[in-house]
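Reviewing the structure listed below.
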There are 2 protein chains.
Amino acid sequence: MSRVAVVTPLIETRIRGEPVFVKAESLQRTGSFKLRGAWWRLSSIPDAQRGAGVVAFSSGNHAQGVAWAAQRLGMPATIVMPHDAPAAKVAGTRASGAEIVFYDRATESREAIAARLAEARGAVLVPSFDDPWIVEGQGTAGLEIIDQYRAATGRAVERIAVCCGGGGLSSGIALGAPDTAIVVVEPEGWDDMGESLRLGAIVPVGPSPPATSCDALQTLRVADLTFGILHGRGATGVAVSEAEIADAMRFAFETLKLVVEPGGAVALAAALAAKLPLAGTVLVVSGGNVDPATFRAMTA
Amino acid sequence: MSRVAVVTPLIETRIRGEPVFVKAESLQRTGSFKLRGAWWRLSSIPDAQRGAGVVAFSSGNHAQGVAWAAQRLGMPATIVMPHDAPAAKVAGTRASGAEIVFYDRATESREAIAARLAEARGAVLVPSFDDPWIVEGQGTAGLEIIDQYRAATGRAVERIAVCCGGGGLSSGIALGAPDTAIVVVEPEGWDDMGESLRLGAIVPVGPSPPATSCDALQTLRVADLTFGILHGRGATGVAVSEAEIADAMRFAFETLKLVVEPGGAVALAAALAAKLPLAGTVLVVSGGNVDPATFRAMTA
């Protein structure tokens with residue numbers, strides 16, 4: 001694992017004068033943490049099955065992770081992506097040699113398209129979060145956080161705040177960092193994991209969720225697997241507004257010198273908006289795949 | 001040293017399909033490598049002298065490094081900065097509690113103003129490059145590059161390409177990495193170190209140098225100290241155009257997910273413009289302190 005996924009830096013910064021740490025997964029290969037789970041899953045596929053390749057669906061970060069891992073392993077990859085995926089994510093996926101099949105978020109089911117393609121080709125379907133290999137792979141970020149935080153401060157990390165779409169990264173980190181409080185952060189109106197954790201049962205996103213810049217976090221329903229892990233660990237949820245997300249992207253640009261995508265900025269947004277304690281906290285910045293025009297508009 | 005300056009990441013990327021490594025000093029505390037030398041110099045000032053503080057002149061990166069180090073050591077700092085310094089650099093310097101004295105690049109001598117202030121206050125004048133402590137401090141980046149490159153590749157780094165204003169960073173790295181070829185990179189028309197190395201004697205920048213976005217590299221004459229080290233090591237020079245610098249800032253944004261300032265992007269620019277061999281090379285990205293408007297304009 002360590003020879004493929006990068007050990008991303010844990011960067012110390014200050015918010016309201018208090019030190020806090022940022023885990024910069026935006027500096028991971030392919031620009032997001034998704035490479036971790038994709039590599040872990042794909043490298044576990046037996047040699048005999050590799051020739052038929054893999055199929056995945058994703059708005060772009062999982063797409064790039066799977067495409068990169070497939071290329072490295074010499075496997076063909078087909079990715080089902082929404083028509084409105086950021087151009088940067090489409091380009092990144094294509095750059096790793098994957099075939100892209102577009103679908104319409106409003107009228108088509110990406111799950112159905114991907115399942116059909118996988119069956120027709122005999123390929124392995126690689127889910128973006130509802131898969132124990134994927135969860136375990138993302139969790140390596142949690143292992144790194146524990147070691148890096150201790151090396152930097154001499155103490156144990158108390159709390160990890162992390163974005164949540166389907167919950168692959170957050171549940172993986174919950175497994176990788178078993179003695180740490182986990183706070184999942186979601187955009188307002190898309191905070192179904194937080195609501196599910198409060199209620200003790202999975203509730204999907206409501207029927208007319210608000211528009212959000214977080215293309216990576218528009219998952220309509222979390223999985224039994226990811227919810228079960230987070231609920232078992234007593235994780236809690238926080239929601240952030242679009243203005244708070246833009247503030248976080250601007251802070252990352254001006255202070256951290258990092259390019260962060262909207263969905264990757266939500267944990268930082270929660271900290272800047274004083275929705276989290278800062279002492280003992282690590283904020284996961286999960287990705288940096290954002291179109292230049294979106295970045296300029298949100299950081300202006 | 002290691003407890004104050006951050007060990008910045010060595011990031012692997014690809015240019016024209018070939019792997020090459022970027023040393024991201026933009027992720028150093030204060031947003032540039034300058035903290036290394038400033039901390040090394042200031043922390044060597046005897047206790048009895050610390051009360052009178054320090055004085056420095058800088059367009060902004062050395063300013064922020066000195067201001068940060070002074071604040072950490074409880075020393076007052078006064079920084080002489082040009083009126084046209086980027087707002088981000090002025091704000092960063094002020095955020096560390098330094099007093100700022102502005103001057104006009106065209107009509108005033110920052111050296112004279114700083115010398116006068118230092119004498120009046122009994123303060124230590126901290127040069128930005130013409131000082132063995134400063135050079136040695138910047139050189140810690142070179143020590144890290146050697147170790148990080150070997151850890152990543154199992155091989156010795158062959159070549160380090162690094163921006164050059166006065167030559168503090170490049171000569172420090174030349175000392176810290178004694179078995180490595182050193183290539184200094186400068187903006188066209190400001191490539192006086194490269195020209196001096198070719199001629200074997202210091203020549204200053206010409207009388208009407210072209211406008212450049214690289215506020216950090218507008219040094220009119222290098223020092224005997226820095227030139228002597230680089231010349232003794234057989235360093236060579238490369239010049240890059242404004243368009244090549246903008247290309248590099250865009251590449252850093254889109255591919256590396258890093259915010260890089262113009263002067264910090266010149267080594268990357270040389271590699272992208274095929275002015276350097278890529279195999280065995282580390283490109284130093286030296287800083288990320290750029291105003292949002294400049295960043296947007298140059299990456300558009």
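Residues are referred to by chain and number: the chain letter is A, B, ... according to the order shown in the structure tokens, the number counts from 1 in that chain, and ligands are numbered separately from 1 in the order shown.
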Any idea which chain A residues end up within 7 Å of chain B if we count only C-alpha atoms, as a PyMOL selection string please? chain A and resi 9+26-27+253+256-259+288+296
Excluding same-chain residues fewer than 6 positions from His62 in chain B, what lies within 9 Å of it counting only C-alpha atoms, as a list in words?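 Contacts, with the query itself left out: Ser32, Phe33, Lys34, Leu35, Gly37, Ala38, Ala56, Pro127 and Ser128 of chain B.
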Could you please take those selected residues and save all heavy atoms as a CSV table (one decimal), in the first residue's frame?
```csv
chain,number,residue,atom,x,y,z
B,32,SER,N,6.7,30.2,2.5
B,32,SER,CA,7.9,30.1,1.7
B,32,SER,C,9.1,29.6,2.5
B,32,SER,O,9.0,29.5,3.7
B,32,SER,CB,8.3,31.4,1.1
B,32,SER,OG,9.2,32.1,1.9
B,33,PHE,N,10.1,29.2,1.8
B,33,PHE,CA,11.3,28.6,2.4
B,33,PHE,C,12.0,29.6,3.3
B,33,PHE,O,12.9,29.3,4.1
B,33,PHE,CB,12.3,28.3,1.3
B,33,PHE,CG,12.9,29.5,0.6
B,33,PHE,CD1,14.2,30.0,1.0
B,33,PHE,CD2,12.3,30.1,-0.5
B,33,PHE,CE1,14.7,31.1,0.4
B,33,PHE,CE2,12.8,31.2,-1.1
B,33,PHE,CZ,14.0,31.7,-0.7
B,34,LYS,N,11.7,30.9,3.2
B,34,LYS,CA,12.4,32.0,3.9
B,34,LYS,C,12.4,31.8,5.4
B,34,LYS,O,13.3,32.3,6.1
B,34,LYS,CB,11.9,33.3,3.5
B,34,LYS,CG,12.1,33.8,2.1
B,34,LYS,CD,13.6,34.3,1.9
B,34,LYS,CE,13.7,35.0,0.6
B,34,LYS,NZ,15.1,35.4,0.4
B,35,LEU,N,11.4,31.1,5.9
B,35,LEU,CA,11.4,30.8,7.4
B,35,LEU,C,12.6,30.1,7.8
B,35,LEU,O,13.1,30.3,9.0
B,35,LEU,CB,10.1,30.1,7.7
B,35,LEU,CG,9.7,29.7,9.1
B,35,LEU,CD1,10.3,28.4,9.6
B,35,LEU,CD2,10.1,30.9,10.1
B,37,GLY,N,15.9,30.2,6.8
B,37,GLY,CA,17.0,31.0,7.1
B,37,GLY,C,16.8,32.0,8.2
B,37,GLY,O,17.7,32.3,9.0
B,38,ALA,N,15.6,32.6,8.2
B,38,ALA,CA,15.2,33.6,9.2
B,38,ALA,C,15.3,32.9,10.6
B,38,ALA,O,15.9,33.5,11.6
B,38,ALA,CB,13.8,34.1,9.0
B,56,ALA,N,14.7,44.1,8.8
B,56,ALA,CA,15.0,43.4,7.6
B,56,ALA,C,14.3,44.1,6.4
B,56,ALA,O,13.4,44.9,6.7
B,56,ALA,CB,14.5,41.9,7.6
B,127,PRO,N,19.9,40.3,6.7
B,127,PRO,CA,19.9,40.4,5.2
B,127,PRO,C,19.1,39.2,4.7
B,127,PRO,O,18.9,38.2,5.4
B,127,PRO,CB,21.4,40.2,4.8
B,127,PRO,CG,22.2,40.3,6.1
B,127,PRO,CD,21.3,40.0,7.2
B,128,SER,N,18.6,39.4,3.5
B,128,SER,CA,17.7,38.3,2.9
B,128,SER,C,18.5,37.2,2.3
B,128,SER,O,18.0,36.1,2.1
B,128,SER,CB,16.7,38.9,2.0
B,128,SER,OG,17.4,39.5,0.9
```
Which residues come within 8 Å of range 216-218 of chain A, counting only C-alpha atoms, excluding same-chain residues fewer than 4 positions away, as a ChimeraX atom specification? /A:59-61,163-166,186-187,190,263
Generate the output file for the selected residues, N, CA and C atoms, as a compact mmCIF listing (two decimals), in the first residue's frame.
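Saved the output as again-v4.txt:
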```txt
# COMPACT_ATOMS: atom_id res chain seq x y z
N SER A 59 -18.78 10.62 -9.61
CA SER A 59 -18.75 11.98 -10.17
C SER A 59 -17.32 12.39 -10.47
N GLY A 60 -16.34 11.59 -10.04
CA GLY A 60 -15.01 11.93 -10.49
C GLY A 60 -13.82 11.56 -9.63
N ASN A 61 -13.93 11.61 -8.31
CA ASN A 61 -12.75 11.29 -7.51
C ASN A 61 -12.51 9.78 -7.46
N CYS A 163 -15.23 14.85 5.81
CA CYS A 163 -16.39 14.96 4.94
C CYS A 163 -17.09 13.61 4.80
N CYS A 164 -18.37 13.65 4.40
CA CYS A 164 -19.11 12.40 4.25
C CYS A 164 -20.08 12.51 3.08
N GLY A 165 -19.87 11.64 2.09
CA GLY A 165 -20.85 11.45 1.02
C GLY A 165 -21.56 10.14 1.32
N GLY A 166 -20.97 9.03 0.89
CA GLY A 166 -21.49 7.71 1.24
C GLY A 166 -20.92 7.18 2.54
N GLU A 186 -21.12 17.42 6.45
CA GLU A 186 -21.84 17.37 5.18
C GLU A 186 -22.40 18.75 4.83
N PRO A 187 -22.71 18.96 3.55
CA PRO A 187 -23.36 20.23 3.18
C PRO A 187 -24.81 20.24 3.72
N TRP A 190 -27.87 17.99 2.68
CA TRP A 190 -27.30 16.71 2.25
C TRP A 190 -26.71 15.98 3.46
N GLY A 263 -16.31 19.88 -1.92
CA GLY A 263 -16.59 18.75 -1.04
C GLY A 263 -15.42 18.41 -0.13
```
From the set B:Thr180, B:Thr294, B:Ser208, B:Thr78, which residue has the shortest atom-to-atom contact distance to Ala161 in chain B, counting only C-alpha atoms? B:Thr180
Rounded to one decimal, what separation in Å do you get between CA of Leu268 in chain A and CA of Asp215 in chain A?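 A separation of 16.9 Å between them.
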What's the 10 Å shell around Val4 in chain A, counting only C-alpha atoms, without same-chain residues fewer than 4 positions away, as a ChimeraX atom specification? /A:29,35-36,39-40,69,72
Requested write-out: all heavy atoms of the selected residues, as a PDB file, in the first residue's frame:
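Output (out.pdb):
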```pdb
ATOM      1  N   ARG A  29      -2.154  11.082  -4.763  1.00  0.00           N
ATOM      2  CA  ARG A  29      -2.197  10.795  -6.199  1.00  0.00           C
ATOM      3  C   ARG A  29      -3.635  10.858  -6.676  1.00  0.00           C
ATOM      4  O   ARG A  29      -4.528  10.349  -5.980  1.00  0.00           O
ATOM      5  CB  ARG A  29      -1.691   9.374  -6.471  1.00  0.00           C
ATOM      6  CG  ARG A  29      -0.213   9.217  -6.401  1.00  0.00           C
ATOM      7  CD  ARG A  29       0.135   7.766  -6.786  1.00  0.00           C
ATOM      8  NE  ARG A  29       1.363   7.337  -6.153  1.00  0.00           N
ATOM      9  CZ  ARG A  29       2.577   7.623  -6.623  1.00  0.00           C
ATOM     10  NH1 ARG A  29       2.721   8.332  -7.716  1.00  0.00           N
ATOM     11  NH2 ARG A  29       3.656   7.202  -5.993  1.00  0.00           N
ATOM     12  N   LEU A  35      -7.903   7.222  -4.224  1.00  0.00           N
ATOM     13  CA  LEU A  35      -6.896   6.285  -4.730  1.00  0.00           C
ATOM     14  C   LEU A  35      -6.617   5.187  -3.714  1.00  0.00           C
ATOM     15  O   LEU A  35      -6.310   4.045  -4.079  1.00  0.00           O
ATOM     16  CB  LEU A  35      -5.615   7.072  -5.050  1.00  0.00           C
ATOM     17  CG  LEU A  35      -4.422   6.416  -5.709  1.00  0.00           C
ATOM     18  CD1 LEU A  35      -3.438   5.845  -4.709  1.00  0.00           C
ATOM     19  CD2 LEU A  35      -4.813   5.352  -6.719  1.00  0.00           C
ATOM     20  N   ARG A  36      -6.703   5.532  -2.419  1.00  0.00           N
ATOM     21  CA  ARG A  36      -6.399   4.538  -1.370  1.00  0.00           C
ATOM     22  C   ARG A  36      -7.305   3.309  -1.493  1.00  0.00           C
ATOM     23  O   ARG A  36      -6.838   2.174  -1.574  1.00  0.00           O
ATOM     24  CB  ARG A  36      -6.587   5.159   0.013  1.00  0.00           C
ATOM     25  CG  ARG A  36      -5.625   6.294   0.314  1.00  0.00           C
ATOM     26  CD  ARG A  36      -5.922   6.887   1.701  1.00  0.00           C
ATOM     27  NE  ARG A  36      -5.068   8.018   2.005  1.00  0.00           N
ATOM     28  CZ  ARG A  36      -3.876   7.938   2.614  1.00  0.00           C
ATOM     29  NH1 ARG A  36      -3.424   6.763   3.001  1.00  0.00           N
ATOM     30  NH2 ARG A  36      -3.160   9.018   2.847  1.00  0.00           N
ATOM     31  N   TRP A  39      -7.047   1.431  -4.990  1.00  0.00           N
ATOM     32  CA  TRP A  39      -5.852   0.600  -5.111  1.00  0.00           C
ATOM     33  C   TRP A  39      -5.998  -0.672  -4.270  1.00  0.00           C
ATOM     34  O   TRP A  39      -5.672  -1.771  -4.725  1.00  0.00           O
ATOM     35  CB  TRP A  39      -4.597   1.364  -4.680  1.00  0.00           C
ATOM     36  CG  TRP A  39      -3.386   0.497  -4.719  1.00  0.00           C
ATOM     37  CD1 TRP A  39      -2.760  -0.103  -3.684  1.00  0.00           C
ATOM     38  CD2 TRP A  39      -2.694   0.069  -5.891  1.00  0.00           C
ATOM     39  NE1 TRP A  39      -1.707  -0.865  -4.117  1.00  0.00           N
ATOM     40  CE2 TRP A  39      -1.643  -0.771  -5.470  1.00  0.00           C
ATOM     41  CE3 TRP A  39      -2.860   0.329  -7.265  1.00  0.00           C
ATOM     42  CZ2 TRP A  39      -0.761  -1.362  -6.369  1.00  0.00           C
ATOM     43  CZ3 TRP A  39      -1.976  -0.262  -8.155  1.00  0.00           C
ATOM     44  CH2 TRP A  39      -0.942  -1.090  -7.712  1.00  0.00           C
ATOM     45  N   TRP A  40      -6.507  -0.528  -3.067  1.00  0.00           N
ATOM     46  CA  TRP A  40      -6.673  -1.665  -2.161  1.00  0.00           C
ATOM     47  C   TRP A  40      -7.624  -2.705  -2.772  1.00  0.00           C
ATOM     48  O   TRP A  40      -7.361  -3.887  -2.764  1.00  0.00           O
ATOM     49  CB  TRP A  40      -7.198  -1.153  -0.824  1.00  0.00           C
ATOM     50  CG  TRP A  40      -7.042  -2.069   0.351  1.00  0.00           C
ATOM     51  CD1 TRP A  40      -8.030  -2.442   1.216  1.00  0.00           C
ATOM     52  CD2 TRP A  40      -5.839  -2.692   0.830  1.00  0.00           C
ATOM     53  NE1 TRP A  40      -7.520  -3.258   2.189  1.00  0.00           N
ATOM     54  CE2 TRP A  40      -6.184  -3.445   1.971  1.00  0.00           C
ATOM     55  CE3 TRP A  40      -4.515  -2.711   0.376  1.00  0.00           C
ATOM     56  CZ2 TRP A  40      -5.248  -4.201   2.678  1.00  0.00           C
ATOM     57  CZ3 TRP A  40      -3.589  -3.456   1.086  1.00  0.00           C
ATOM     58  CH2 TRP A  40      -3.955  -4.178   2.219  1.00  0.00           C
ATOM     59  N   ALA A  69      -5.517   3.277 -10.633  1.00  0.00           N
ATOM     60  CA  ALA A  69      -5.127   1.960 -10.112  1.00  0.00           C
ATOM     61  C   ALA A  69      -5.197   0.907 -11.226  1.00  0.00           C
ATOM     62  O   ALA A  69      -4.331   0.031 -11.331  1.00  0.00           O
ATOM     63  CB  ALA A  69      -6.022   1.574  -8.939  1.00  0.00           C
ATOM     64  N   ARG A  72      -2.257   1.259 -13.570  1.00  0.00           N
ATOM     65  CA  ARG A  72      -1.031   0.771 -12.921  1.00  0.00           C
ATOM     66  C   ARG A  72      -0.984  -0.759 -12.901  1.00  0.00           C
ATOM     67  O   ARG A  72       0.086  -1.359 -12.959  1.00  0.00           O
ATOM     68  CB  ARG A  72      -0.992   1.331 -11.498  1.00  0.00           C
ATOM     69  CG  ARG A  72       0.203   0.926 -10.689  1.00  0.00           C
ATOM     70  CD  ARG A  72       1.360   1.913 -10.877  1.00  0.00           C
ATOM     71  NE  ARG A  72       2.273   1.829  -9.759  1.00  0.00           N
ATOM     72  CZ  ARG A  72       2.958   2.840  -9.258  1.00  0.00           C
ATOM     73  NH1 ARG A  72       2.838   4.047  -9.763  1.00  0.00           N
ATOM     74  NH2 ARG A  72       3.775   2.681  -8.251  1.00  0.00           N
TER      75      ARG A  72
END
```
Skipping near chain neighbours, those fewer than 5 positions away, what residues fall within 12 Å of Phe21 in chain B using only C-alpha atoms, listed as a PyMOL selection string? chain B and resi 9-15+145-146+148-150+152-153+157-161+256+267-268+271+278-285
How about saving the chosen residues, C-alpha atoms kept, as a PDB file, in the first residue's frame?
```pdb
ATOM      1  CA  PRO B   9       6.701  17.167   1.186  1.00  0.00           C
ATOM      2  CA  LEU B  10       8.544  15.957  -1.904  1.00  0.00           C
ATOM      3  CA  ILE B  11       5.697  15.379  -4.350  1.00  0.00           C
ATOM      4  CA  GLU B  12       5.990  13.025  -7.329  1.00  0.00           C
ATOM      5  CA  THR B  13       4.327  14.135 -10.535  1.00  0.00           C
ATOM      6  CA  ARG B  14       4.702  13.511 -14.260  1.00  0.00           C
ATOM      7  CA  ILE B  15       5.725  15.895 -17.023  1.00  0.00           C
ATOM      8  CA  ILE B 145      15.613  16.732  -0.638  1.00  0.00           C
ATOM      9  CA  ILE B 146      18.497  14.240  -0.508  1.00  0.00           C
ATOM     10  CA  GLN B 148      13.311  12.320   0.631  1.00  0.00           C
ATOM     11  CA  TYR B 149      14.455  11.564  -2.908  1.00  0.00           C
ATOM     12  CA  ARG B 150      16.330   8.488  -1.752  1.00  0.00           C
ATOM     13  CA  ALA B 152      11.043   7.718  -2.686  1.00  0.00           C
ATOM     14  CA  THR B 153      13.233   6.262  -5.429  1.00  0.00           C
ATOM     15  CA  VAL B 157      19.073  12.906  -6.662  1.00  0.00           C
ATOM     16  CA  GLU B 158      21.100  14.040  -9.689  1.00  0.00           C
ATOM     17  CA  ARG B 159      19.940  17.600 -10.216  1.00  0.00           C
ATOM     18  CA  ILE B 160      18.101  20.290  -8.237  1.00  0.00           C
ATOM     19  CA  ALA B 161      16.505  23.176 -10.132  1.00  0.00           C
ATOM     20  CA  LEU B 256      -0.378  19.405  -8.095  1.00  0.00           C
ATOM     21  CA  ALA B 267      11.940  25.936 -11.722  1.00  0.00           C
ATOM     22  CA  LEU B 268       8.721  24.114 -12.562  1.00  0.00           C
ATOM     23  CA  ALA B 271      10.922  21.776 -16.604  1.00  0.00           C
ATOM     24  CA  LEU B 278      13.589  15.514 -16.007  1.00  0.00           C
ATOM     25  CA  ALA B 279      15.234  12.226 -15.013  1.00  0.00           C
ATOM     26  CA  GLY B 280      16.782  12.420 -11.548  1.00  0.00           C
ATOM     27  CA  THR B 281      15.588  16.000 -11.072  1.00  0.00           C
ATOM     28  CA  VAL B 282      13.946  17.767  -8.138  1.00  0.00           C
ATOM     29  CA  LEU B 283      12.179  21.068  -8.834  1.00  0.00           C
ATOM     30  CA  VAL B 284      11.979  23.434  -5.872  1.00  0.00           C
ATOM     31  CA  VAL B 285       8.656  25.285  -5.631  1.00  0.00           C
TER      32      VAL B 285
END
```
Do you have the CA of Pro86 in chain B-CA of Ala174 in chain B distance handy?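 Pair CA of Pro86 in chain B / CA of Ala174 in chain B returns 29.0 Å.
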Which polymer residues have any atom within 10 Å of an atom of Ala243 in chain A, counting only C-alpha atoms, with same-chain residues fewer than 6 positions away left out, as a PDB file with N, CA and C atoms, in the first residue's frame?
```pdb
ATOM      1  N   MET A 249     -12.566  27.280   1.334  1.00  0.00           N
ATOM      2  CA  MET A 249     -11.730  27.206   0.127  1.00  0.00           C
ATOM      3  C   MET A 249     -10.799  28.413   0.056  1.00  0.00           C
ATOM      4  N   ALA A 269     -14.368  23.895   6.798  1.00  0.00           N
ATOM      5  CA  ALA A 269     -15.454  24.876   6.924  1.00  0.00           C
ATOM      6  C   ALA A 269     -16.102  24.807   8.306  1.00  0.00           C
ATOM      7  N   MET A 298     -15.517  30.746  -6.256  1.00  0.00           N
ATOM      8  CA  MET A 298     -15.727  30.487  -4.826  1.00  0.00           C
ATOM      9  C   MET A 298     -14.675  31.133  -3.938  1.00  0.00           C
TER      10      MET A 298
END
```
Quote the spacing between CA of Gly172 in chain B and CA of Leu225 in chain B in Å to one decimal place. 10.4 Å
Identify all residues of range 54-238 of chain B in helix (DSSP H, G or I) (DSSP on the backbone) and supply them as a ChimeraX atom specification. /B:61-73,87-95,110-121,132-138,140-153,168-176,192-199,215-217,224-232
Quick one: residues within 8 Å of Glu242 in chain A, only C-alpha atoms counted, chain neighbours fewer than 2 positions away excluded, as an NGL selection string? :A and (187-188 or 212-213 or 240 or 244-246)
Residue subset to file, keeping all heavy atoms, as an mmCIF file, in the first residue's frame:
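So again.cif came out as:
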```
data_model
loop_
_atom_site.group_PDB
_atom_site.id
_atom_site.type_symbol
_atom_site.label_atom_id
_atom_site.label_comp_id
_atom_site.auth_asym_id
_atom_site.auth_seq_id
_atom_site.Cartn_x
_atom_site.Cartn_y
_atom_site.Cartn_z
ATOM 1 N N PRO A 187 -22.711 18.963 3.552
ATOM 2 C CA PRO A 187 -23.364 20.226 3.180
ATOM 3 C C PRO A 187 -24.806 20.245 3.722
ATOM 4 O O PRO A 187 -25.444 19.192 3.813
ATOM 5 C CB PRO A 187 -23.386 20.193 1.638
ATOM 6 C CG PRO A 187 -22.539 19.031 1.230
ATOM 7 C CD PRO A 187 -22.472 18.092 2.382
ATOM 8 N N GLU A 188 -25.289 21.419 4.085
ATOM 9 C CA GLU A 188 -26.675 21.551 4.562
ATOM 10 C C GLU A 188 -27.642 20.981 3.526
ATOM 11 O O GLU A 188 -27.488 21.215 2.322
ATOM 12 C CB GLU A 188 -27.011 23.028 4.792
ATOM 13 C CG GLU A 188 -26.337 23.589 6.023
ATOM 14 C CD GLU A 188 -26.598 25.087 6.210
ATOM 15 O OE1 GLU A 188 -27.253 25.706 5.333
ATOM 16 O OE2 GLU A 188 -26.119 25.631 7.226
ATOM 17 N N THR A 212 -25.857 22.220 -4.321
ATOM 18 C CA THR A 212 -24.601 22.328 -3.564
ATOM 19 C C THR A 212 -23.428 22.279 -4.525
ATOM 20 O O THR A 212 -23.494 21.615 -5.572
ATOM 21 C CB THR A 212 -24.464 21.209 -2.511
ATOM 22 O OG1 THR A 212 -23.171 21.321 -1.896
ATOM 23 C CG2 THR A 212 -24.581 19.816 -3.124
ATOM 24 N N SER A 213 -22.379 22.988 -4.154
ATOM 25 C CA SER A 213 -21.150 22.967 -4.955
ATOM 26 C C SER A 213 -20.382 21.657 -4.761
ATOM 27 O O SER A 213 -19.455 21.373 -5.507
ATOM 28 C CB SER A 213 -20.256 24.137 -4.531
ATOM 29 O OG SER A 213 -19.997 24.061 -3.138
ATOM 30 N N VAL A 240 -22.675 22.175 7.085
ATOM 31 C CA VAL A 240 -22.118 23.499 6.770
ATOM 32 C C VAL A 240 -22.825 24.098 5.554
ATOM 33 O O VAL A 240 -23.327 23.369 4.688
ATOM 34 C CB VAL A 240 -20.591 23.440 6.503
ATOM 35 C CG1 VAL A 240 -19.827 23.126 7.779
ATOM 36 C CG2 VAL A 240 -20.251 22.428 5.421
ATOM 37 N N GLU A 244 -20.036 28.963 4.057
ATOM 38 C CA GLU A 244 -18.964 28.453 4.927
ATOM 39 C C GLU A 244 -17.965 27.621 4.121
ATOM 40 O O GLU A 244 -16.757 27.646 4.383
ATOM 41 C CB GLU A 244 -19.570 27.644 6.077
ATOM 42 C CG GLU A 244 -20.270 28.536 7.098
ATOM 43 C CD GLU A 244 -21.217 27.808 8.051
ATOM 44 O OE1 GLU A 244 -21.508 26.600 7.827
ATOM 45 O OE2 GLU A 244 -21.684 28.450 9.014
ATOM 46 N N ILE A 245 -18.466 26.889 3.128
ATOM 47 C CA ILE A 245 -17.583 26.089 2.262
ATOM 48 C C ILE A 245 -16.674 27.016 1.442
ATOM 49 O O ILE A 245 -15.468 26.784 1.316
ATOM 50 C CB ILE A 245 -18.413 25.163 1.350
ATOM 51 C CG1 ILE A 245 -19.129 24.101 2.208
ATOM 52 C CG2 ILE A 245 -17.541 24.517 0.281
ATOM 53 C CD1 ILE A 245 -20.235 23.347 1.483
ATOM 54 N N ALA A 246 -17.255 28.090 0.904
ATOM 55 C CA ALA A 246 -16.444 29.053 0.139
ATOM 56 C C ALA A 246 -15.391 29.701 1.039
ATOM 57 O O ALA A 246 -14.239 29.885 0.621
ATOM 58 C CB ALA A 246 -17.342 30.112 -0.497
#
```
Which is closest to Ala141 in chain B among B:Gly234, B:Ala177, B:Gly189, B:Ala156, if we use only C-alpha atoms?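 Smallest separation from Ala141 in chain B among the options: B:Ala177.
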